[in-house]
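Novice: Contents of coords-v2.cif (mmCIF, N, CA and C atoms) are below:
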```cif
data_coords
#
loop_
_atom_site.label_atom_id
_atom_site.label_comp_id
_atom_site.auth_asym_id
_atom_site.auth_seq_id
_atom_site.Cartn_x
_atom_site.Cartn_y
_atom_site.Cartn_z
N MET A 1 61.81 -0.41 124.72
CA MET A 1 60.40 -0.76 124.61
C MET A 1 60.20 -2.15 125.19
N ARG A 2 59.13 -2.33 125.92
CA ARG A 2 58.77 -3.64 126.49
C ARG A 2 57.71 -4.28 125.62
N LEU A 3 57.94 -5.54 125.29
CA LEU A 3 56.94 -6.29 124.54
C LEU A 3 55.99 -7.00 125.50
N ARG A 4 54.74 -7.17 125.07
CA ARG A 4 53.80 -7.96 125.84
C ARG A 4 54.31 -9.39 125.99
N LYS A 5 53.90 -10.05 127.06
CA LYS A 5 54.36 -11.41 127.34
C LYS A 5 54.07 -12.38 126.20
N ALA A 6 52.92 -12.25 125.57
CA ALA A 6 52.57 -13.16 124.48
C ALA A 6 53.53 -13.00 123.31
N LEU A 7 53.96 -11.78 123.04
CA LEU A 7 54.92 -11.55 121.96
C LEU A 7 56.28 -12.12 122.31
N VAL A 8 56.71 -11.91 123.55
CA VAL A 8 58.00 -12.44 123.99
C VAL A 8 57.99 -13.96 123.90
N ARG A 9 56.92 -14.59 124.34
CA ARG A 9 56.84 -16.06 124.28
C ARG A 9 56.97 -16.56 122.84
N LEU A 10 56.31 -15.87 121.91
CA LEU A 10 56.40 -16.27 120.51
C LEU A 10 57.84 -16.13 120.01
N VAL A 11 58.45 -15.00 120.28
CA VAL A 11 59.83 -14.77 119.82
C VAL A 11 60.78 -15.80 120.43
N GLU A 12 60.61 -16.09 121.70
CA GLU A 12 61.48 -17.06 122.37
C GLU A 12 61.28 -18.48 121.82
N ARG A 13 60.04 -18.83 121.54
CA ARG A 13 59.71 -20.20 121.13
C ARG A 13 60.11 -20.51 119.69
N GLU A 14 59.86 -19.58 118.79
CA GLU A 14 60.07 -19.88 117.37
C GLU A 14 61.56 -20.04 117.05
N ARG A 15 61.84 -20.86 116.05
CA ARG A 15 63.21 -21.24 115.74
C ARG A 15 63.86 -20.35 114.68
N VAL A 16 63.06 -19.69 113.86
CA VAL A 16 63.60 -18.89 112.76
C VAL A 16 62.84 -17.57 112.68
N CYS A 17 63.57 -16.52 112.36
CA CYS A 17 62.94 -15.24 112.07
C CYS A 17 63.51 -14.73 110.76
N ARG A 18 62.91 -13.70 110.23
CA ARG A 18 63.41 -13.08 108.99
C ARG A 18 63.87 -11.68 109.31
N VAL A 19 65.07 -11.35 108.84
CA VAL A 19 65.69 -10.05 109.13
C VAL A 19 65.77 -9.27 107.83
N ALA A 20 65.27 -8.04 107.85
CA ALA A 20 65.31 -7.16 106.68
C ALA A 20 66.25 -5.99 106.93
N THR A 21 67.15 -5.80 105.98
CA THR A 21 68.08 -4.66 105.99
C THR A 21 67.96 -3.97 104.64
N VAL A 22 68.64 -2.84 104.50
CA VAL A 22 68.67 -2.16 103.20
C VAL A 22 70.11 -1.81 102.85
N ASP A 23 70.40 -1.86 101.55
CA ASP A 23 71.73 -1.46 101.11
C ASP A 23 71.78 0.07 100.97
N PRO A 24 72.94 0.62 100.70
CA PRO A 24 73.04 2.09 100.63
C PRO A 24 72.11 2.75 99.61
N SER A 25 71.69 2.00 98.57
CA SER A 25 70.78 2.58 97.59
C SER A 25 69.32 2.43 98.00
N GLY A 26 69.06 1.74 99.13
CA GLY A 26 67.70 1.53 99.59
C GLY A 26 67.09 0.21 99.17
N MET A 27 67.87 -0.65 98.49
CA MET A 27 67.36 -1.95 98.06
C MET A 27 67.25 -2.87 99.27
N PRO A 28 66.06 -3.45 99.52
CA PRO A 28 65.89 -4.32 100.69
C PRO A 28 66.55 -5.68 100.49
N HIS A 29 66.90 -6.28 101.61
CA HIS A 29 67.52 -7.60 101.65
C HIS A 29 66.91 -8.32 102.85
N VAL A 30 66.30 -9.49 102.62
CA VAL A 30 65.63 -10.24 103.69
C VAL A 30 66.22 -11.64 103.74
N VAL A 31 66.59 -12.07 104.95
CA VAL A 31 67.15 -13.41 105.13
C VAL A 31 66.63 -14.05 106.41
N PRO A 32 66.50 -15.38 106.41
CA PRO A 32 66.13 -16.07 107.65
C PRO A 32 67.37 -16.23 108.54
N VAL A 33 67.18 -16.13 109.83
CA VAL A 33 68.26 -16.37 110.79
C VAL A 33 67.70 -17.09 112.01
N CYS A 34 68.60 -17.75 112.74
CA CYS A 34 68.27 -18.38 114.01
C CYS A 34 68.57 -17.35 115.09
N HIS A 35 67.68 -17.20 116.05
CA HIS A 35 67.75 -16.09 116.98
C HIS A 35 67.51 -16.53 118.42
N VAL A 36 67.86 -15.66 119.34
CA VAL A 36 67.47 -15.79 120.74
C VAL A 36 66.99 -14.43 121.23
N TRP A 37 66.17 -14.47 122.26
CA TRP A 37 65.66 -13.26 122.92
C TRP A 37 66.35 -13.18 124.27
N ASP A 38 66.92 -12.04 124.61
CA ASP A 38 67.65 -11.91 125.86
C ASP A 38 67.57 -10.46 126.33
N GLY A 39 67.02 -10.25 127.52
CA GLY A 39 66.99 -8.91 128.09
C GLY A 39 66.27 -7.87 127.27
N GLY A 40 65.20 -8.26 126.61
CA GLY A 40 64.42 -7.31 125.82
C GLY A 40 64.98 -7.02 124.44
N LYS A 41 65.96 -7.84 124.01
CA LYS A 41 66.56 -7.64 122.70
C LYS A 41 66.63 -8.97 121.97
N LEU A 42 66.62 -8.89 120.64
CA LEU A 42 66.75 -10.07 119.80
C LEU A 42 68.19 -10.13 119.31
N TYR A 43 68.75 -11.33 119.30
CA TYR A 43 70.15 -11.52 118.88
C TYR A 43 70.23 -12.64 117.86
N PHE A 44 71.17 -12.51 116.93
CA PHE A 44 71.51 -13.59 116.01
C PHE A 44 72.98 -13.47 115.64
N ALA A 45 73.54 -14.58 115.19
CA ALA A 45 74.92 -14.58 114.75
C ALA A 45 74.95 -14.47 113.23
N ALA A 46 76.04 -13.93 112.71
CA ALA A 46 76.17 -13.77 111.26
C ALA A 46 77.65 -13.76 110.88
N ASP A 47 77.91 -14.17 109.67
CA ASP A 47 79.26 -14.06 109.13
C ASP A 47 79.64 -12.58 109.12
N ALA A 48 80.81 -12.28 109.60
CA ALA A 48 81.25 -10.88 109.71
C ALA A 48 81.27 -10.16 108.36
N LYS A 49 81.39 -10.92 107.27
CA LYS A 49 81.46 -10.31 105.94
C LYS A 49 80.15 -10.44 105.16
N SER A 50 79.09 -10.86 105.82
CA SER A 50 77.82 -11.07 105.13
C SER A 50 77.20 -9.76 104.67
N ARG A 51 76.31 -9.88 103.73
CA ARG A 51 75.61 -8.71 103.20
C ARG A 51 74.81 -8.00 104.29
N LYS A 52 74.10 -8.78 105.13
CA LYS A 52 73.28 -8.15 106.17
C LYS A 52 74.14 -7.36 107.14
N VAL A 53 75.31 -7.87 107.48
CA VAL A 53 76.21 -7.15 108.39
C VAL A 53 76.75 -5.89 107.72
N ARG A 54 77.13 -5.99 106.46
CA ARG A 54 77.58 -4.78 105.73
C ARG A 54 76.48 -3.73 105.72
N HIS A 55 75.25 -4.16 105.45
CA HIS A 55 74.12 -3.22 105.43
C HIS A 55 73.92 -2.58 106.80
N LEU A 56 73.96 -3.39 107.86
CA LEU A 56 73.72 -2.85 109.21
C LEU A 56 74.82 -1.91 109.66
N ARG A 57 76.02 -2.12 109.21
CA ARG A 57 77.10 -1.18 109.54
C ARG A 57 76.86 0.17 108.87
N ALA A 58 76.31 0.15 107.68
CA ALA A 58 76.04 1.40 106.95
C ALA A 58 74.75 2.05 107.43
N ASN A 59 73.76 1.23 107.81
CA ASN A 59 72.46 1.74 108.23
C ASN A 59 71.91 0.76 109.27
N PRO A 60 71.91 1.11 110.54
CA PRO A 60 71.51 0.17 111.59
C PRO A 60 70.01 -0.07 111.72
N LYS A 61 69.20 0.54 110.86
CA LYS A 61 67.76 0.29 110.93
C LYS A 61 67.45 -1.11 110.42
N VAL A 62 66.57 -1.81 111.14
CA VAL A 62 66.30 -3.20 110.83
C VAL A 62 64.84 -3.53 111.13
N ALA A 63 64.32 -4.51 110.42
CA ALA A 63 63.00 -5.07 110.72
C ALA A 63 63.15 -6.57 110.84
N VAL A 64 62.41 -7.15 111.78
CA VAL A 64 62.48 -8.59 112.03
C VAL A 64 61.05 -9.12 112.13
N VAL A 65 60.78 -10.23 111.44
CA VAL A 65 59.48 -10.88 111.53
C VAL A 65 59.66 -12.26 112.14
N VAL A 66 58.87 -12.54 113.16
CA VAL A 66 58.79 -13.88 113.77
C VAL A 66 57.33 -14.27 113.62
N ASP A 67 57.08 -15.40 112.94
CA ASP A 67 55.68 -15.77 112.71
C ASP A 67 55.50 -17.27 112.74
N VAL A 68 54.22 -17.65 112.84
CA VAL A 68 53.81 -19.04 112.84
C VAL A 68 52.83 -19.21 111.70
N TYR A 69 53.14 -20.15 110.80
CA TYR A 69 52.19 -20.45 109.73
C TYR A 69 51.54 -21.80 110.01
N VAL A 70 50.24 -21.83 109.89
CA VAL A 70 49.47 -23.08 109.97
C VAL A 70 48.41 -23.03 108.87
N GLU A 71 48.00 -24.21 108.43
CA GLU A 71 47.00 -24.27 107.36
C GLU A 71 45.67 -23.66 107.78
N ASP A 72 45.34 -23.73 109.06
CA ASP A 72 44.14 -23.09 109.59
C ASP A 72 44.47 -21.62 109.82
N TRP A 73 44.06 -20.78 108.89
CA TRP A 73 44.45 -19.38 108.93
C TRP A 73 43.87 -18.62 110.11
N THR A 74 42.92 -19.18 110.81
CA THR A 74 42.41 -18.52 112.01
C THR A 74 43.43 -18.60 113.15
N ARG A 75 44.48 -19.42 112.98
CA ARG A 75 45.51 -19.60 114.01
C ARG A 75 46.84 -18.96 113.64
N LEU A 76 46.88 -18.18 112.53
CA LEU A 76 48.12 -17.49 112.16
C LEU A 76 48.50 -16.50 113.26
N ALA A 77 49.81 -16.39 113.52
CA ALA A 77 50.27 -15.45 114.55
C ALA A 77 51.66 -14.97 114.19
N GLY A 78 51.97 -13.78 114.65
CA GLY A 78 53.31 -13.27 114.40
C GLY A 78 53.52 -11.89 114.98
N VAL A 79 54.76 -11.46 114.87
CA VAL A 79 55.15 -10.14 115.31
C VAL A 79 56.20 -9.59 114.36
N VAL A 80 56.12 -8.32 114.09
CA VAL A 80 57.18 -7.63 113.36
C VAL A 80 57.77 -6.61 114.33
N LEU A 81 59.09 -6.60 114.40
CA LEU A 81 59.82 -5.66 115.25
C LEU A 81 60.61 -4.73 114.35
N TRP A 82 60.53 -3.45 114.62
CA TRP A 82 61.38 -2.47 113.96
C TRP A 82 62.33 -1.92 115.02
N GLY A 83 63.54 -1.65 114.62
CA GLY A 83 64.47 -1.11 115.59
C GLY A 83 65.83 -0.82 115.01
N THR A 84 66.81 -0.82 115.89
CA THR A 84 68.18 -0.56 115.49
C THR A 84 69.05 -1.75 115.86
N ALA A 85 70.09 -1.93 115.07
CA ALA A 85 70.99 -3.05 115.28
C ALA A 85 72.38 -2.55 115.65
N ARG A 86 73.04 -3.38 116.44
CA ARG A 86 74.43 -3.13 116.82
C ARG A 86 75.21 -4.41 116.53
N VAL A 87 76.34 -4.28 115.85
CA VAL A 87 77.19 -5.42 115.53
C VAL A 87 78.21 -5.58 116.65
N ILE A 88 78.26 -6.79 117.22
CA ILE A 88 79.14 -7.07 118.36
C ILE A 88 80.22 -8.04 117.88
N ARG A 89 81.48 -7.64 117.99
CA ARG A 89 82.60 -8.42 117.44
C ARG A 89 83.27 -9.34 118.45
N GLY A 90 82.93 -9.27 119.71
CA GLY A 90 83.55 -10.12 120.73
C GLY A 90 83.17 -9.59 122.10
N GLY A 91 83.77 -10.16 123.15
CA GLY A 91 83.52 -9.68 124.49
C GLY A 91 82.44 -10.45 125.20
N PRO A 92 82.05 -9.97 126.40
CA PRO A 92 81.12 -10.73 127.24
C PRO A 92 79.73 -10.91 126.64
N VAL A 93 79.20 -9.90 125.97
CA VAL A 93 77.86 -10.05 125.36
C VAL A 93 77.94 -11.09 124.24
N PHE A 94 78.97 -11.01 123.42
CA PHE A 94 79.18 -11.98 122.35
C PHE A 94 79.20 -13.40 122.93
N ARG A 95 79.98 -13.62 123.98
CA ARG A 95 80.10 -14.96 124.58
C ARG A 95 78.78 -15.42 125.20
N ARG A 96 78.06 -14.52 125.87
CA ARG A 96 76.78 -14.89 126.48
C ARG A 96 75.77 -15.31 125.41
N ILE A 97 75.69 -14.54 124.33
CA ILE A 97 74.73 -14.85 123.28
C ILE A 97 75.14 -16.11 122.53
N ARG A 98 76.43 -16.30 122.31
CA ARG A 98 76.89 -17.54 121.68
C ARG A 98 76.44 -18.75 122.51
N THR A 99 76.59 -18.67 123.82
CA THR A 99 76.15 -19.75 124.70
C THR A 99 74.65 -19.98 124.55
N ARG A 100 73.89 -18.91 124.54
CA ARG A 100 72.42 -19.02 124.39
C ARG A 100 72.04 -19.64 123.04
N LEU A 101 72.72 -19.21 121.97
CA LEU A 101 72.45 -19.78 120.65
C LEU A 101 72.81 -21.26 120.61
N TYR A 102 73.93 -21.63 121.21
CA TYR A 102 74.34 -23.04 121.26
C TYR A 102 73.34 -23.87 122.06
N GLN A 103 72.74 -23.29 123.09
CA GLN A 103 71.75 -24.02 123.88
C GLN A 103 70.47 -24.24 123.08
N LYS A 104 70.03 -23.22 122.38
CA LYS A 104 68.77 -23.31 121.63
C LYS A 104 68.94 -24.14 120.35
N TYR A 105 70.11 -24.05 119.74
CA TYR A 105 70.37 -24.71 118.46
C TYR A 105 71.62 -25.60 118.62
N PRO A 106 71.47 -26.84 119.03
CA PRO A 106 72.64 -27.69 119.27
C PRO A 106 73.47 -27.96 118.01
N GLN A 107 72.94 -27.67 116.84
CA GLN A 107 73.68 -27.85 115.59
C GLN A 107 74.81 -26.82 115.44
N TYR A 108 74.66 -25.68 116.06
CA TYR A 108 75.60 -24.57 115.85
C TYR A 108 77.07 -24.95 116.01
N PRO A 109 77.50 -25.54 117.12
CA PRO A 109 78.94 -25.77 117.29
C PRO A 109 79.58 -26.57 116.16
N GLU A 110 78.89 -27.58 115.66
CA GLU A 110 79.46 -28.42 114.60
C GLU A 110 79.22 -27.86 113.20
N GLU A 111 78.07 -27.26 112.99
CA GLU A 111 77.68 -26.84 111.65
C GLU A 111 78.09 -25.41 111.30
N ALA A 112 78.11 -24.53 112.29
CA ALA A 112 78.39 -23.11 112.02
C ALA A 112 78.91 -22.45 113.29
N ALA A 113 80.07 -22.88 113.74
CA ALA A 113 80.63 -22.37 114.99
C ALA A 113 80.69 -20.84 114.99
N ILE A 114 80.35 -20.27 116.11
CA ILE A 114 80.34 -18.81 116.27
C ILE A 114 81.65 -18.42 116.91
N GLU A 115 82.59 -17.96 116.10
CA GLU A 115 83.94 -17.65 116.57
C GLU A 115 84.41 -16.30 116.03
N VAL A 116 85.10 -15.57 116.88
CA VAL A 116 85.76 -14.32 116.48
C VAL A 116 87.00 -14.71 115.69
N PRO A 117 87.39 -14.05 114.62
CA PRO A 117 86.81 -12.84 114.04
C PRO A 117 85.84 -13.10 112.90
N ASP A 118 85.60 -14.38 112.57
CA ASP A 118 84.78 -14.68 111.40
C ASP A 118 83.29 -14.42 111.60
N THR A 119 82.84 -14.47 112.85
CA THR A 119 81.42 -14.32 113.14
C THR A 119 81.20 -13.15 114.08
N VAL A 120 80.06 -12.48 113.89
CA VAL A 120 79.64 -11.41 114.81
C VAL A 120 78.28 -11.80 115.38
N VAL A 121 77.92 -11.13 116.44
CA VAL A 121 76.57 -11.23 116.98
C VAL A 121 75.89 -9.90 116.70
N VAL A 122 74.67 -9.97 116.23
CA VAL A 122 73.90 -8.76 115.96
C VAL A 122 72.84 -8.62 117.05
N GLU A 123 72.81 -7.47 117.68
CA GLU A 123 71.84 -7.14 118.73
C GLU A 123 70.80 -6.21 118.14
N VAL A 124 69.54 -6.61 118.19
CA VAL A 124 68.45 -5.78 117.69
C VAL A 124 67.67 -5.23 118.89
N THR A 125 67.63 -3.92 118.98
CA THR A 125 66.87 -3.24 120.02
C THR A 125 65.56 -2.75 119.40
N PRO A 126 64.44 -3.38 119.75
CA PRO A 126 63.16 -2.97 119.17
C PRO A 126 62.75 -1.56 119.65
N THR A 127 62.22 -0.79 118.72
CA THR A 127 61.67 0.53 119.05
C THR A 127 60.18 0.59 118.76
N ARG A 128 59.70 -0.40 117.98
CA ARG A 128 58.28 -0.46 117.61
C ARG A 128 57.93 -1.89 117.29
N ALA A 129 56.69 -2.27 117.52
CA ALA A 129 56.25 -3.63 117.23
C ALA A 129 54.80 -3.64 116.78
N ALA A 130 54.46 -4.62 115.96
CA ALA A 130 53.08 -4.88 115.58
C ALA A 130 52.91 -6.39 115.57
N SER A 131 51.71 -6.85 115.92
CA SER A 131 51.50 -8.29 115.99
C SER A 131 50.12 -8.65 115.46
N TRP A 132 49.94 -9.95 115.21
CA TRP A 132 48.65 -10.47 114.79
C TRP A 132 48.46 -11.87 115.39
N GLY A 133 47.23 -12.20 115.69
CA GLY A 133 46.89 -13.52 116.17
C GLY A 133 47.36 -13.84 117.58
N LEU A 134 47.72 -12.86 118.35
CA LEU A 134 48.24 -13.11 119.69
C LEU A 134 47.40 -12.43 120.77
N ASP A 135 46.14 -12.32 120.57
CA ASP A 135 45.28 -11.65 121.56
C ASP A 135 45.11 -12.46 122.80
#
```
Now, as a test, write the supplied structure out as structure tokens.
Specialist:
Amino acid sequence: MRLRKALVRLVERERVCRVATVDPSGMPHVVPVCHVWDGGKLYFAADAKSRKVRHLRANPKVAVVVDVYVEDWTRLAGVVLWGTARVIRGGPVFRRIRTRLYQKYPQYPEEAAIEVPDTVVVEVTPTRAASWGLD
């Protein structure tokens, strides 16, 4: 699925998104993550043993919200993406996304280095989107 340019710009610009997964019983789990947009997909790094990664391995369905909050509610904007996730444990895509994350978030190398085998990259392929405030 191709997103409109305004949605892509928002996803690329914003620093944090929220990722929703579900456990095997259907209980939702939502966490903030730092992300990058690359080739029509959203990517983030995660601890290989994290709850969100365990959930995505069992059920790859995912929802992601990227939004902007301002006190002037006439300027609220955001997008929710629904799709499927793939856990990437290493290789060229892992290295490319790690580089992109390090470029966008210079804190990463010192604060939370993205290294195999402790860290994975999660690739979210959107299949549906909804947005607000981006006309």
Novice: Can you tell me which residues surround region 98-102 of chain A at a distance of at most 7 Å, considering only N, CA and C atoms, apart from same-chain residues fewer than 5 positions away, and format the answer as a ChimeraX atom specification?
Specialist: /A:35-36,93,107-109,114
Novice: Nearest to Val80 (chain A) among A:Lys5, A:Asp23, A:Trp37, A:Ala63, with distances taken over all atoms listed in the file: which residue is it?
Specialist: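 The answer is A:Ala63, which sits nearest to Val80 (chain A).
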Novice: Using only C-alpha atoms for the distances, tell me which of A:Ala85, A:Val66, A:Ala58, A:Leu3 is nearest to Arg15 (chain A).
Specialist: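 With only C-alpha atoms as the atom set, the closest residue is A:Val66.
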Novice: Can you work out which one of A:Gly133, A:Pro32, A:Pro24, A:Pro117 has the shortest atom-to-atom distance to Val79 (chain A), counting only C-alpha atoms?
Specialist: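 Of A:Gly133, A:Pro32, A:Pro24, A:Pro117, the one nearest Val79 (chain A) is A:Gly133, counting only C-alpha atoms.
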Novice: Can you pull out the residues contacting Gly90 (chain A)? Cut-off 6.5 Å, using all atoms listed in the file, and skip same-chain residues under 3 positions away; I want them as an MDAnalysis selection string.
Specialist: chainID A and resid 93:95 116 120:121
Novice: Would you return as a PyMOL selection string the members of region 1-130 of chain A that DSSP assigns to alpha helix (DSSP H) on this structure's backbone?
Specialist: chain A and resi 5-13+51-58+92-104+108-111
Novice: Could you check the closest approach to Asp67 (chain A) for each of A:Val16, A:Val87, A:Leu134, A:Arg9 and tell me which residue wins, using only N, CA and C atoms?
Specialist: A:Val16
Novice: As a PyMOL selection string, please: every residue in region 2-71 of chain A that a backbone DSSP assignment puts in strand (DSSP E).
Specialist: chain A and resi 17-22+28-33+35-38+41-47+61-68
Novice: Translate the PyMOL selection byres ((chain A and resi 47) around 6.5), as applied to the file shown, into an explicit residue set as a list in words.
Specialist: Ala45, Ala46, Ala48, Lys49, Ser50, Val53, Asp118, Thr119 and Val120 of chain A
Novice: With all atoms of region 104-107 of chain A from the file as input, state the centre and edge lengths in Å to one decimal of the axis-aligned box that has 6 Å extra on each side, as JSON.
Specialist:
```
{"center_x": 71.8, "center_y": -25.6, "center_z": 118.9, "size_x": 18.0, "size_y": 16.7, "size_z": 18.9}
```
Novice: How many Å lie between atom N of Ala20 (chain A) and atom C of Glu111 (chain A), rounded to one decimal?
Specialist: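 Going from atom N of Ala20 (chain A) over to atom C of Glu111 (chain A) covers 21.9 Å.
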Novice: Would you compute the distance between CA of Val124 (chain A) and CA of Val8 (chain A)? Give it in Å to one decimal.
Specialist: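 Going from CA of Val124 (chain A) over to CA of Val8 (chain A), I get 13.9 Å.
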Novice: Could you list, as a VMD selection string, every residue matched by the PyMOL selection byres ((chain A and resi 127-129) around 6.5) in this structure?
Specialist: chain A and resid 1 80 to 84 125 to 126 130 to 131
Novice: Find the distance between atom C of Glu71 (chain A) and CA of Lys104 (chain A) and write it in Å to one decimal.
Specialist: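 We find that atom C of Glu71 (chain A) and CA of Lys104 (chain A) lie 26.9 Å from each other.
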Novice: From the list A:Gly40, A:Gly91, A:Pro60, A:Gly26, which residue is nearest Arg2 (chain A) when using only C-alpha atoms?
Specialist: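 When distances to Arg2 (chain A) are compared using only C-alpha atoms, the smallest one comes from A:Gly40.
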Novice: Ranking A:Leu76, A:Ile97, A:Val22, A:Leu42 by minimum distance to Leu56 (chain A) and counting all atoms listed in the file, which one comes first?
Specialist: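 Under the stated criterion, the closest residue is A:Val22.
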Novice: As number ranges by chain, please: the residues near Asp135 (chain A) (cut-off 10 Å, only C-alpha atoms, same-chain neighbours under 6 positions excluded).
Specialist: A: 6-7, 77
